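This is coords.cif (mmCIF, C-alpha atoms).
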```cif
data_final
loop_
_atom_site.label_atom_id
_atom_site.label_comp_id
_atom_site.auth_asym_id
_atom_site.auth_seq_id
_atom_site.Cartn_x
_atom_site.Cartn_y
_atom_site.Cartn_z
CA MET A 20 -22.87 72.20 -6.74
CA GLU A 21 -25.77 72.91 -9.01
CA THR A 22 -24.94 69.98 -11.23
CA PHE A 23 -24.41 67.73 -8.21
CA THR A 24 -27.94 68.38 -6.92
CA GLU A 25 -29.37 68.00 -10.38
CA GLU A 26 -27.53 64.74 -10.93
CA LEU A 27 -28.73 63.39 -7.57
CA LEU A 28 -32.35 64.35 -8.21
CA ASN A 29 -32.07 62.83 -11.62
CA ARG A 30 -30.90 59.54 -10.12
CA MET A 31 -33.66 59.58 -7.49
CA ASN A 32 -36.32 60.05 -10.12
CA ILE A 33 -38.29 56.96 -11.08
CA ARG A 34 -38.88 57.03 -14.80
CA THR A 35 -41.76 55.58 -16.69
CA VAL A 36 -40.49 52.91 -19.06
CA PHE A 37 -43.58 52.52 -21.21
CA GLU A 38 -47.34 52.87 -21.10
CA ILE A 39 -49.91 50.16 -21.50
CA PRO A 40 -52.40 51.73 -23.95
CA ILE A 41 -55.61 50.98 -22.02
CA LEU A 42 -57.65 53.13 -19.63
CA GLY A 43 -56.00 56.20 -21.05
CA GLY A 44 -52.51 54.76 -20.69
CA ILE A 45 -51.21 52.90 -17.65
CA PRO A 46 -47.64 53.93 -16.95
CA VAL A 47 -45.18 51.15 -16.16
CA THR A 48 -42.35 52.51 -14.05
CA GLU A 49 -38.77 51.35 -13.73
CA SER A 50 -39.45 49.88 -10.31
CA VAL A 51 -42.25 47.73 -11.70
CA VAL A 52 -40.02 46.48 -14.51
CA LEU A 53 -37.27 45.80 -11.95
CA SER A 54 -39.80 43.92 -9.80
CA TRP A 55 -40.62 41.76 -12.78
CA GLY A 56 -36.93 41.15 -13.31
CA ILE A 57 -36.52 40.14 -9.67
CA MET A 58 -39.57 37.87 -9.91
CA ALA A 59 -38.18 36.25 -13.05
CA PHE A 60 -34.82 35.81 -11.33
CA LEU A 61 -36.42 34.19 -8.26
CA VAL A 62 -38.73 31.92 -10.23
CA LEU A 63 -36.07 30.83 -12.73
CA GLY A 64 -33.60 30.34 -9.90
CA SER A 65 -36.17 28.17 -8.11
CA ILE A 66 -36.87 26.11 -11.22
CA ILE A 67 -33.16 25.54 -11.86
CA LEU A 68 -32.29 24.77 -8.23
CA VAL A 69 -35.28 22.59 -7.51
CA ARG A 70 -34.77 20.26 -10.46
CA ASN A 71 -34.61 16.53 -9.63
CA LEU A 72 -34.80 16.60 -5.88
CA LYS A 73 -33.82 13.35 -4.21
CA ILE A 74 -34.64 11.69 -0.91
CA ILE A 75 -30.90 11.51 -0.27
CA PRO A 76 -29.82 15.08 -0.99
CA GLY A 77 -26.67 16.27 -2.71
CA LYS A 78 -24.74 19.30 -1.52
CA LYS A 79 -26.80 21.74 -3.58
CA GLN A 80 -30.09 20.30 -2.41
CA LEU A 81 -28.87 20.21 1.18
CA ALA A 82 -28.00 23.92 1.07
CA LEU A 83 -31.40 24.68 -0.44
CA GLU A 84 -33.19 22.62 2.18
CA ILE A 85 -31.28 24.27 5.01
CA ALA A 86 -32.20 27.70 3.62
CA VAL A 87 -35.89 26.91 3.12
CA GLY A 88 -36.04 24.94 6.39
CA GLY A 89 -34.44 27.87 8.21
CA ILE A 90 -36.99 30.32 6.79
CA TRP A 91 -39.78 27.92 7.73
CA ASP A 92 -38.54 27.47 11.29
CA PHE A 93 -38.12 31.22 11.67
CA PHE A 94 -41.72 31.97 10.67
CA GLU A 95 -43.15 29.02 12.53
CA GLY A 96 -41.35 30.20 15.66
CA LEU A 97 -42.92 33.64 15.23
CA MET A 98 -46.46 32.72 14.19
CA GLY A 99 -46.85 29.37 15.90
CA GLU A 100 -48.75 26.29 14.84
CA ARG A 101 -51.83 28.18 13.66
CA GLY A 102 -49.85 30.55 11.47
CA ARG A 103 -48.36 27.75 9.43
CA ARG A 104 -50.55 28.45 6.40
CA TYR A 105 -49.13 31.97 6.10
CA ILE A 106 -45.51 30.82 5.98
CA PRO A 107 -45.29 30.51 2.16
CA TYR A 108 -46.53 34.07 1.68
CA MET A 109 -44.18 35.45 4.33
CA ALA A 110 -41.28 33.55 2.80
CA THR A 111 -42.19 35.02 -0.60
CA VAL A 112 -42.21 38.54 0.85
CA ALA A 113 -38.88 37.91 2.58
CA LEU A 114 -37.28 36.70 -0.65
CA PHE A 115 -38.74 39.55 -2.68
CA ILE A 116 -37.74 42.35 -0.31
CA GLY A 117 -34.36 40.75 0.38
CA THR A 118 -33.54 40.45 -3.32
CA SER A 119 -34.92 43.92 -4.04
CA ASN A 120 -32.78 45.52 -1.36
CA LEU A 121 -29.68 43.76 -2.65
CA VAL A 122 -29.96 44.61 -6.35
CA GLY A 123 -28.10 47.86 -5.64
CA LEU A 124 -25.02 45.62 -5.57
CA VAL A 125 -25.26 44.88 -9.28
CA GLY A 126 -25.70 48.50 -10.31
CA LEU A 127 -29.49 48.60 -10.41
CA PHE A 128 -31.61 50.51 -7.94
CA PRO A 129 -33.75 48.73 -5.33
CA PRO A 130 -37.45 48.81 -6.29
CA THR A 131 -38.17 49.20 -2.57
CA LYS A 132 -36.99 52.83 -2.83
CA ASP A 133 -40.24 53.42 -4.73
CA LEU A 134 -43.04 54.25 -2.32
CA ASN A 135 -45.55 52.42 -4.52
CA VAL A 136 -43.73 49.12 -3.98
CA THR A 137 -43.45 49.45 -0.21
CA ALA A 138 -47.04 50.64 0.00
CA GLY A 139 -48.16 47.61 -1.96
CA LEU A 140 -46.21 45.34 0.37
CA ALA A 141 -47.59 47.05 3.48
CA VAL A 142 -51.19 46.95 2.27
CA MET A 143 -50.82 43.27 1.44
CA SER A 144 -49.45 42.73 4.94
CA ILE A 145 -52.37 44.43 6.69
CA VAL A 146 -54.86 42.62 4.47
CA LEU A 147 -53.21 39.33 5.42
CA ILE A 148 -53.13 40.26 9.11
CA GLU A 149 -56.84 41.12 9.23
CA PHE A 150 -57.72 38.15 7.04
CA ALA A 151 -55.83 35.88 9.45
CA GLY A 152 -57.78 37.36 12.35
CA ILE A 153 -61.15 36.84 10.65
CA ALA A 154 -60.26 33.32 9.51
CA GLN A 155 -59.14 32.34 12.99
CA LYS A 156 -61.83 34.01 15.13
CA GLY A 157 -64.79 34.39 12.83
CA PRO A 158 -66.20 37.85 11.89
CA LYS A 159 -68.04 38.37 15.18
CA ARG A 160 -65.16 37.63 17.51
CA TRP A 161 -62.85 39.53 15.17
CA LEU A 162 -65.00 42.65 15.55
CA LYS A 163 -65.21 42.13 19.29
CA SER A 164 -61.45 41.85 19.50
CA PHE A 165 -61.20 45.60 18.75
CA ALA A 166 -62.76 46.25 22.17
CA GLU A 167 -60.11 44.26 23.95
CA PRO A 168 -58.69 44.43 26.53
CA MET A 169 -61.22 47.22 27.24
CA PRO A 170 -63.76 49.07 25.05
CA ILE A 171 -62.23 52.49 25.60
CA ILE A 172 -59.18 51.69 23.51
CA ALA A 173 -61.27 50.53 20.55
CA PRO A 174 -60.50 53.69 18.54
CA ILE A 175 -56.79 53.07 18.97
CA ASN A 176 -57.22 49.49 17.84
CA VAL A 177 -59.10 50.67 14.76
CA MET A 178 -56.44 53.26 14.00
CA GLU A 179 -53.84 50.51 14.16
CA ILE A 180 -55.29 49.10 10.94
CA PHE A 181 -53.96 52.19 9.20
CA ILE A 182 -50.96 52.94 11.38
CA ARG A 183 -49.40 49.52 11.02
CA PRO A 184 -49.20 49.43 7.22
CA LEU A 185 -48.18 53.08 7.14
CA SER A 186 -45.28 52.45 9.50
CA LEU A 187 -44.27 49.28 7.66
CA CYS A 188 -44.40 51.11 4.34
CA MET A 189 -42.56 54.25 5.45
CA ARG A 190 -39.88 52.43 7.43
CA LEU A 191 -38.87 50.29 4.48
CA PHE A 192 -39.18 53.14 1.99
CA GLY A 193 -37.27 55.66 4.11
CA ASN A 194 -34.42 53.33 4.99
CA ILE A 195 -33.85 52.10 1.46
CA LEU A 196 -34.25 55.55 -0.11
CA GLY A 197 -31.93 57.05 2.49
CA GLY A 198 -29.32 54.37 1.89
CA PHE A 199 -29.72 54.83 -1.86
CA VAL A 200 -29.30 58.61 -1.68
CA VAL A 201 -26.18 58.31 0.50
CA MET A 202 -24.70 55.73 -1.84
CA GLU A 203 -25.48 57.83 -4.93
CA MET A 204 -23.88 60.89 -3.35
CA VAL A 205 -20.78 58.91 -2.50
CA LYS A 206 -20.67 57.48 -6.02
CA ILE A 207 -20.90 60.97 -7.52
CA ALA A 208 -18.32 62.47 -5.15
CA ALA A 209 -15.83 59.59 -5.02
CA PRO A 210 -16.61 56.92 -7.60
CA LEU A 211 -13.41 54.92 -7.05
CA LEU A 212 -13.06 52.32 -4.23
CA VAL A 213 -14.70 54.52 -1.57
CA PRO A 214 -18.23 53.19 -2.24
CA ILE A 215 -17.15 49.57 -1.56
CA PRO A 216 -17.05 49.58 2.28
CA LEU A 217 -20.07 51.86 2.44
CA SER A 218 -21.95 49.54 0.11
CA PHE A 219 -21.51 46.75 2.64
CA TYR A 220 -23.43 48.80 5.14
CA PHE A 221 -26.06 50.56 3.05
CA ASP A 222 -26.75 47.89 0.47
CA ILE A 223 -26.19 44.61 2.31
CA PHE A 224 -26.58 45.21 6.05
CA ASP A 225 -29.33 47.81 5.95
CA GLY A 226 -31.14 45.96 3.16
CA LEU A 227 -31.18 42.68 5.06
CA ILE A 228 -32.09 44.34 8.37
CA GLN A 229 -35.05 46.09 6.76
CA THR A 230 -36.17 42.82 5.18
CA TYR A 231 -35.94 41.14 8.57
CA VAL A 232 -37.84 43.95 10.32
CA PHE A 233 -40.62 43.97 7.74
CA VAL A 234 -41.35 40.24 7.84
CA LEU A 235 -40.76 40.07 11.61
CA LEU A 236 -43.34 42.76 12.32
CA THR A 237 -45.86 41.34 9.87
CA SER A 238 -45.45 37.89 11.44
CA LEU A 239 -45.86 39.27 14.94
CA PHE A 240 -49.03 41.10 13.91
CA ILE A 241 -50.39 37.91 12.37
CA LYS A 242 -49.59 36.00 15.54
CA GLU A 243 -51.37 38.66 17.57
CA ALA A 244 -54.36 38.45 15.26
CA ILE A 245 -54.71 34.64 15.51
CA GLU A 246 -54.19 34.45 19.26
CA ASP A 247 -57.11 33.70 21.50
CA MET B 6 -43.13 63.25 -7.17
CA LEU B 7 -41.29 61.28 -4.54
CA PHE B 8 -44.43 60.51 -2.57
CA ASP B 9 -47.11 60.11 -5.20
CA ILE B 10 -48.99 56.85 -5.30
CA ASN B 11 -49.76 55.66 -8.79
CA TRP B 12 -50.25 52.49 -10.81
CA GLY B 13 -47.03 51.09 -9.41
CA PHE B 14 -48.94 50.34 -6.21
CA VAL B 15 -51.44 48.15 -8.07
CA PHE B 16 -48.66 46.49 -10.05
CA THR B 17 -46.83 45.67 -6.83
CA ILE B 18 -49.84 43.94 -5.32
CA VAL B 19 -50.43 41.91 -8.48
CA ASN B 20 -46.72 41.13 -8.68
CA LEU B 21 -46.69 39.90 -5.10
CA LEU B 22 -49.65 37.60 -5.61
CA VAL B 23 -48.17 36.20 -8.82
CA LEU B 24 -44.77 35.74 -7.21
CA TYR B 25 -46.41 34.03 -4.23
CA LEU B 26 -48.19 31.53 -6.46
CA LEU B 27 -45.10 30.89 -8.60
CA LEU B 28 -42.71 30.45 -5.69
CA ARG B 29 -45.16 28.25 -3.85
CA HIS B 30 -45.45 26.05 -6.89
CA PHE B 31 -41.82 26.00 -7.99
CA LEU B 32 -39.86 26.36 -4.75
CA PHE B 33 -41.70 25.77 -1.51
CA ALA B 34 -44.01 22.93 -2.44
CA PRO B 35 -41.32 20.66 -3.95
CA ILE B 36 -38.77 21.32 -1.20
CA ARG B 37 -41.23 20.96 1.66
CA GLY B 38 -42.61 17.90 -0.12
CA ILE B 39 -39.26 16.18 -0.34
CA MET B 40 -38.42 17.13 3.26
CA GLU B 41 -41.70 15.73 4.52
CA GLN B 42 -41.29 12.65 2.38
CA ARG B 43 -37.87 12.07 3.88
CA GLU B 44 -39.17 12.58 7.39
CA GLU B 45 -41.93 10.08 6.68
CA LEU B 46 -39.41 7.61 5.29
CA ILE B 47 -37.11 7.96 8.28
CA LYS B 48 -40.02 7.54 10.65
CA GLY B 49 -41.14 4.43 8.79
CA GLN B 50 -37.64 3.00 8.79
CA LEU B 51 -37.23 3.64 12.49
CA THR B 52 -40.52 1.90 13.18
CA SER B 53 -39.62 -1.08 11.03
CA ALA B 54 -36.16 -1.24 12.59
CA LYS B 55 -37.76 -1.31 16.02
CA GLU B 56 -40.09 -4.07 14.87
CA LYS B 57 -37.19 -6.09 13.50
CA GLU B 58 -35.26 -5.61 16.70
CA ASP B 59 -38.20 -6.89 18.70
CA GLN B 60 -38.53 -9.84 16.38
CA ALA B 61 -34.84 -10.62 16.71
CA ALA B 62 -35.05 -10.41 20.49
CA ALA B 63 -38.03 -12.78 20.52
CA LEU B 64 -36.23 -15.15 18.19
CA GLN B 65 -33.14 -15.12 20.38
CA LYS B 66 -35.21 -15.83 23.46
CA LYS B 67 -36.85 -18.72 21.69
CA TYR B 68 -33.50 -20.02 20.54
CA GLU B 69 -32.05 -19.78 24.02
CA MET B 70 -35.01 -21.64 25.42
CA THR B 71 -34.63 -24.32 22.78
CA MET B 72 -30.94 -24.59 23.53
CA ALA B 73 -31.63 -24.94 27.24
CA GLY B 74 -34.21 -27.62 26.45
CA ALA B 75 -31.77 -29.38 24.18
CA GLY B 76 -29.17 -29.44 26.96
CA LYS B 77 -31.68 -31.00 29.28
CA ASP B 78 -32.68 -33.53 26.65
CA ALA B 79 -29.06 -34.44 26.06
CA GLN B 80 -28.51 -34.87 29.77
CA GLU B 81 -31.54 -37.13 29.97
CA ILE B 82 -30.45 -39.21 27.02
CA LEU B 83 -26.98 -39.55 28.50
CA GLU B 84 -28.36 -40.60 31.84
CA LYS B 85 -30.66 -43.11 30.25
CA ALA B 86 -27.78 -44.53 28.26
CA ARG B 87 -25.65 -44.73 31.37
CA ASP B 88 -28.43 -46.50 33.27
CA ARG B 89 -28.95 -48.98 30.51
CA GLY B 90 -25.22 -49.56 30.27
CA THR B 91 -25.01 -50.20 33.97
CA THR B 92 -27.93 -52.61 33.87
CA GLU B 93 -26.47 -54.46 30.94
CA TYR B 94 -23.09 -54.59 32.61
CA ASP B 95 -24.60 -55.94 35.78
CA ALA B 96 -26.53 -58.56 33.86
CA ILE B 97 -23.46 -59.65 31.95
CA ILE B 98 -21.37 -59.87 35.10
CA LYS B 99 -24.10 -61.83 36.84
CA GLU B 100 -24.38 -64.27 33.97
CA ALA B 101 -20.63 -64.63 33.83
CA LYS B 102 -20.53 -65.37 37.52
CA GLN B 103 -23.28 -67.93 37.19
CA ASN B 104 -21.47 -69.53 34.31
CA ALA B 105 -18.29 -69.60 36.29
CA VAL B 106 -19.99 -71.22 39.25
CA ARG B 107 -21.61 -73.77 36.96
CA ILE B 108 -18.37 -74.52 35.23
CA MET B 109 -16.61 -74.87 38.55
CA ASP B 110 -19.32 -77.21 39.82
CA GLU B 111 -19.15 -79.28 36.71
CA ALA B 112 -15.41 -79.44 36.95
CA ARG B 113 -15.60 -80.41 40.55
CA ARG B 114 -18.14 -83.12 39.78
CA ASP B 115 -15.98 -84.41 36.95
CA ILE B 116 -12.97 -84.49 39.19
CA GLU B 117 -14.95 -86.35 41.86
CA ALA B 118 -16.23 -88.86 39.34
CA GLU B 119 -12.77 -89.40 37.96
CA ARG B 120 -11.38 -89.86 41.40
CA GLU B 121 -14.12 -92.36 42.22
CA ARG B 122 -13.45 -94.24 39.01
CA ASN B 123 -9.72 -94.29 39.64
CA LEU B 124 -10.27 -95.41 43.18
CA ARG B 125 -12.57 -98.22 42.05
CA LEU B 126 -10.10 -99.27 39.41
CA LEU B 127 -7.28 -99.17 41.91
CA SER B 128 -9.16 -101.18 44.52
CA SER B 129 -10.19 -103.85 42.07
CA GLU B 130 -6.61 -104.12 40.89
CA LEU B 131 -5.45 -104.20 44.44
CA ALA B 132 -7.99 -106.93 45.15
CA GLY B 133 -6.69 -108.89 42.19
CA LEU B 134 -3.14 -108.47 43.45
CA ALA B 135 -4.19 -109.50 46.91
CA VAL B 136 -6.02 -112.53 45.55
CA ALA B 137 -3.05 -113.43 43.49
CA ALA B 138 -0.77 -113.03 46.46
CA ALA B 139 -3.11 -115.00 48.63
CA GLU B 140 -3.40 -117.76 46.01
CA LYS B 141 0.31 -117.89 45.77
CA ALA B 142 0.55 -118.07 49.54
CA VAL B 143 -2.09 -120.77 49.74
CA ASP B 144 -0.48 -122.69 46.88
CA ALA B 145 2.74 -122.55 48.71
CA GLN B 146 1.07 -124.07 51.78
CA GLY B 147 -0.58 -126.69 49.44
CA GLY B 148 -4.06 -125.94 50.31
CA ALA B 149 -7.02 -125.15 48.17
CA PHE B 150 -8.01 -121.49 47.61
CA ASP B 151 -11.40 -120.65 48.83
CA GLU B 152 -12.44 -117.77 46.61
CA GLU B 153 -15.60 -117.01 48.53
CA MET B 154 -13.78 -116.73 51.74
CA MET B 155 -11.34 -114.40 50.03
CA ASP B 156 -13.99 -112.03 48.76
CA ALA B 157 -15.61 -111.93 52.16
CA PHE B 158 -12.33 -111.05 53.63
CA LEU B 159 -11.67 -108.33 51.16
CA LYS B 160 -15.09 -106.81 51.74
CA GLU B 161 -14.49 -106.83 55.38
CA GLU B 162 -11.34 -104.93 54.78
CA GLY B 163 -13.21 -102.46 52.56
CA VAL B 164 -11.09 -103.05 49.51
CA LEU B 165 -13.69 -104.74 47.44
CA HIS B 166 -17.03 -103.17 46.84
CA ASP B 167 -20.28 -104.80 46.07
#
```

Transcribe the structure of this file into structure tokens.
Amino acid sequence: METFTEELLNRMNIRTVFEIPILGGIPVTESVVLSWGIMAFLVLGSIILVRNLKIIPGKKQLALEIAVGGIWDFFEGLMGERGRRYIPYMATVALFIGTSNLVGLVGLFPPTKDLNVTAGLAVMSIVLIEFAGIAQKGPKRWLKSFAEPMPIIAPINVMEIFIRPLSLCMRLFGNILGGFVVMEMVKIAAPLLVPIPLSFYFDIFDGLIQTYVFVLLTSLFIKEAIED
Amino acid sequence: MLFDINWGFVFTIVNLLVLYLLLRHFLFAPIRGIMEQREELIKGQLTSAKEKEDQAAALQKKYEMTMAGAGKDAQEILEKARDRGTTEYDAIIKEAKQNAVRIMDEARRDIEAERERNLRLLSSELAGLAVAAAEKAVDAQGGAFDEEMMDAFLKEEGVLHD
């Protein structure tokens, strides 16, 4: 039992891979390196798939267009006409989180089980949400919008600036870490065949659901921010 | 350890921005570009197809009108031809009739003249015969033949003409 707990804690630990020798040494963790790997995978995949696009598409291009078109329609449906400019960023986040949550399938750990990654994502989301509000309404009307629908709830509206990213961050982090811990325990206890059906739930289903929830909520907040 | 925020947070933000720029450049822009290009092309083709259809319809209308006009023209030409034919026919028939009448008249006149001539010939011959007979009769009675008296007699009888 002692070794089991130790083994589990060992697997949950995020190690520092190397240090960049400036500012007294900046540690680069496993999750950052994994993020780079995922970025490289996505960018290289894009470059390979996007080569020689034609007006009359082949099967590969058609599949790609359906995927990208589907993502576009999804975000446009959520954010509306005015939110169109934020679609590329939201699609990037969706691809990044989706891929991150699924890398557990190939024996790596999802970078989204690192709080730093989900915090970064959530802070970027709230920055984008408030930026969208300012860009749409102008600074004055944006400030006034905190006193809507009535001035008394202004403190709550201000608190939302912190609550929203915190909830986005913790939801993603908690779900992925929880799924990861359960899967690691199963892998330690019964490494043969048993993890397969559970992996479908914890790695694929939960990973995709959390991706969906994250981008859905961010999109809804953006829509709220750019509404009149 | 599980909840400490460190440099990974900063790295994540930088990573996200870099990934956003890269994906926008390598994935979204080309695919959206080609999709929009195709949409544009289809729109253009639909418009030009509509234009061509309109043109074709106009052309057909024009053609039909021309055809209708041509039918009318043909009818007119036919009628004119028929009229002219009828006129010509009438003229020919009329001329033929006139000719026939003339020929008949001529023939009748010829016949009359011939008859007259024959009659004259016959009467003079008859007169000669009569004179001869009378001479013979007078000779038989032994008297002289008064030719003047004979002619007068014949004239009286209408045999001999002046």

Protein, DNA and RNA residues within 12 Å of (-32.4, 55.4, 4.4), all atoms listed in the file, as JSON, numbers by chain: {"A": [120, 129, 131, 132, 189, 190, 191, 192, 193, 194, 195, 196, 197, 198, 199, 200, 201, 202, 203, 220, 221, 222, 224, 225, 226, 228, 229]}

Those same residues - C-alpha atoms - I'd like them written as a CSV table (one decimal), in the frame of the given file.
```
chain,number,residue,atom,x,y,z
A,120,ASN,CA,-32.8,45.5,-1.4
A,129,PRO,CA,-33.8,48.7,-5.3
A,131,THR,CA,-38.2,49.2,-2.6
A,132,LYS,CA,-37.0,52.8,-2.8
A,189,MET,CA,-42.6,54.2,5.4
A,190,ARG,CA,-39.9,52.4,7.4
A,191,LEU,CA,-38.9,50.3,4.5
A,192,PHE,CA,-39.2,53.1,2.0
A,193,GLY,CA,-37.3,55.7,4.1
A,194,ASN,CA,-34.4,53.3,5.0
A,195,ILE,CA,-33.8,52.1,1.5
A,196,LEU,CA,-34.2,55.6,-0.1
A,197,GLY,CA,-31.9,57.0,2.5
A,198,GLY,CA,-29.3,54.4,1.9
A,199,PHE,CA,-29.7,54.8,-1.9
A,200,VAL,CA,-29.3,58.6,-1.7
A,201,VAL,CA,-26.2,58.3,0.5
A,202,MET,CA,-24.7,55.7,-1.8
A,203,GLU,CA,-25.5,57.8,-4.9
A,220,TYR,CA,-23.4,48.8,5.1
A,221,PHE,CA,-26.1,50.6,3.0
A,222,ASP,CA,-26.8,47.9,0.5
A,224,PHE,CA,-26.6,45.2,6.0
A,225,ASP,CA,-29.3,47.8,6.0
A,226,GLY,CA,-31.1,46.0,3.2
A,228,ILE,CA,-32.1,44.3,8.4
A,229,GLN,CA,-35.0,46.1,6.8
```

Residues of chain B within 12 Å of chain A, all atoms listed in the file counted, as number ranges by chain: B: 6-47

Spatial neighbours of Ile241 in chain A, 10 Å, only C-alpha atoms, chain gap at least 3 places, as JSON, numbers by chain: {"A": [97, 98, 99, 101, 102, 105, 144, 145, 147, 148, 149, 150, 151, 152, 235, 236, 237, 238, 244, 245, 246]}

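The interatomic distance for the pair CA of Ala209 in chain A and CA of Thr24 in chain A works out to 15.1 Å.
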
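Here CA of Gly123 in chain A stands at a distance of 8.8 Å from CA of Ile223 in chain A.
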
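Of note, CA of Leu127 in chain A and CA of Ile39 in chain A are spaced 23.3 Å apart.
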
Kindly write N, CA and C atoms of range 9-25 of chain B from the structure just given to a file, as a short mmCIF file (atom, residue, chain, number, x, y, z; two decimals), in the first residue's frame.
```cif
data_model
loop_
_atom_site.label_atom_id
_atom_site.label_comp_id
_atom_site.auth_asym_id
_atom_site.auth_seq_id
_atom_site.Cartn_x
_atom_site.Cartn_y
_atom_site.Cartn_z
N ASP B 9 0.84 24.90 -7.13
CA ASP B 9 1.68 26.10 -7.24
C ASP B 9 1.75 26.58 -8.69
N ILE B 10 1.65 27.91 -8.78
CA ILE B 10 1.72 28.56 -10.09
C ILE B 10 3.15 28.98 -10.30
N ASN B 11 3.71 28.60 -11.44
CA ASN B 11 5.10 28.95 -11.69
C ASN B 11 5.28 29.42 -13.13
N TRP B 12 6.46 29.25 -13.66
CA TRP B 12 6.75 29.73 -15.01
C TRP B 12 5.90 29.02 -16.08
N GLY B 13 5.42 27.87 -15.75
CA GLY B 13 4.58 27.14 -16.71
C GLY B 13 3.38 27.96 -17.16
N PHE B 14 2.88 28.78 -16.25
CA PHE B 14 1.74 29.67 -16.57
C PHE B 14 2.12 30.65 -17.69
N VAL B 15 3.29 31.27 -17.54
CA VAL B 15 3.76 32.21 -18.56
C VAL B 15 4.00 31.48 -19.88
N PHE B 16 4.64 30.33 -19.78
CA PHE B 16 4.92 29.54 -20.99
C PHE B 16 3.63 29.20 -21.73
N THR B 17 2.60 28.86 -20.94
CA THR B 17 1.32 28.47 -21.57
C THR B 17 0.73 29.63 -22.37
N ILE B 18 0.79 30.82 -21.77
CA ILE B 18 0.22 31.98 -22.47
C ILE B 18 1.00 32.26 -23.77
N VAL B 19 2.31 32.22 -23.66
CA VAL B 19 3.14 32.44 -24.86
C VAL B 19 2.86 31.34 -25.89
N ASN B 20 2.80 30.10 -25.40
CA ASN B 20 2.51 28.98 -26.31
C ASN B 20 1.20 29.19 -27.06
N LEU B 21 0.18 29.61 -26.30
CA LEU B 21 -1.14 29.80 -26.91
C LEU B 21 -1.10 30.86 -28.00
N LEU B 22 -0.43 31.96 -27.70
CA LEU B 22 -0.36 33.04 -28.70
C LEU B 22 0.39 32.56 -29.95
N VAL B 23 1.49 31.85 -29.72
CA VAL B 23 2.28 31.36 -30.86
C VAL B 23 1.46 30.36 -31.66
N LEU B 24 0.80 29.44 -30.94
CA LEU B 24 -0.01 28.44 -31.63
C LEU B 24 -1.14 29.09 -32.43
N TYR B 25 -1.74 30.13 -31.83
CA TYR B 25 -2.81 30.86 -32.51
C TYR B 25 -2.31 31.44 -33.84
#
```
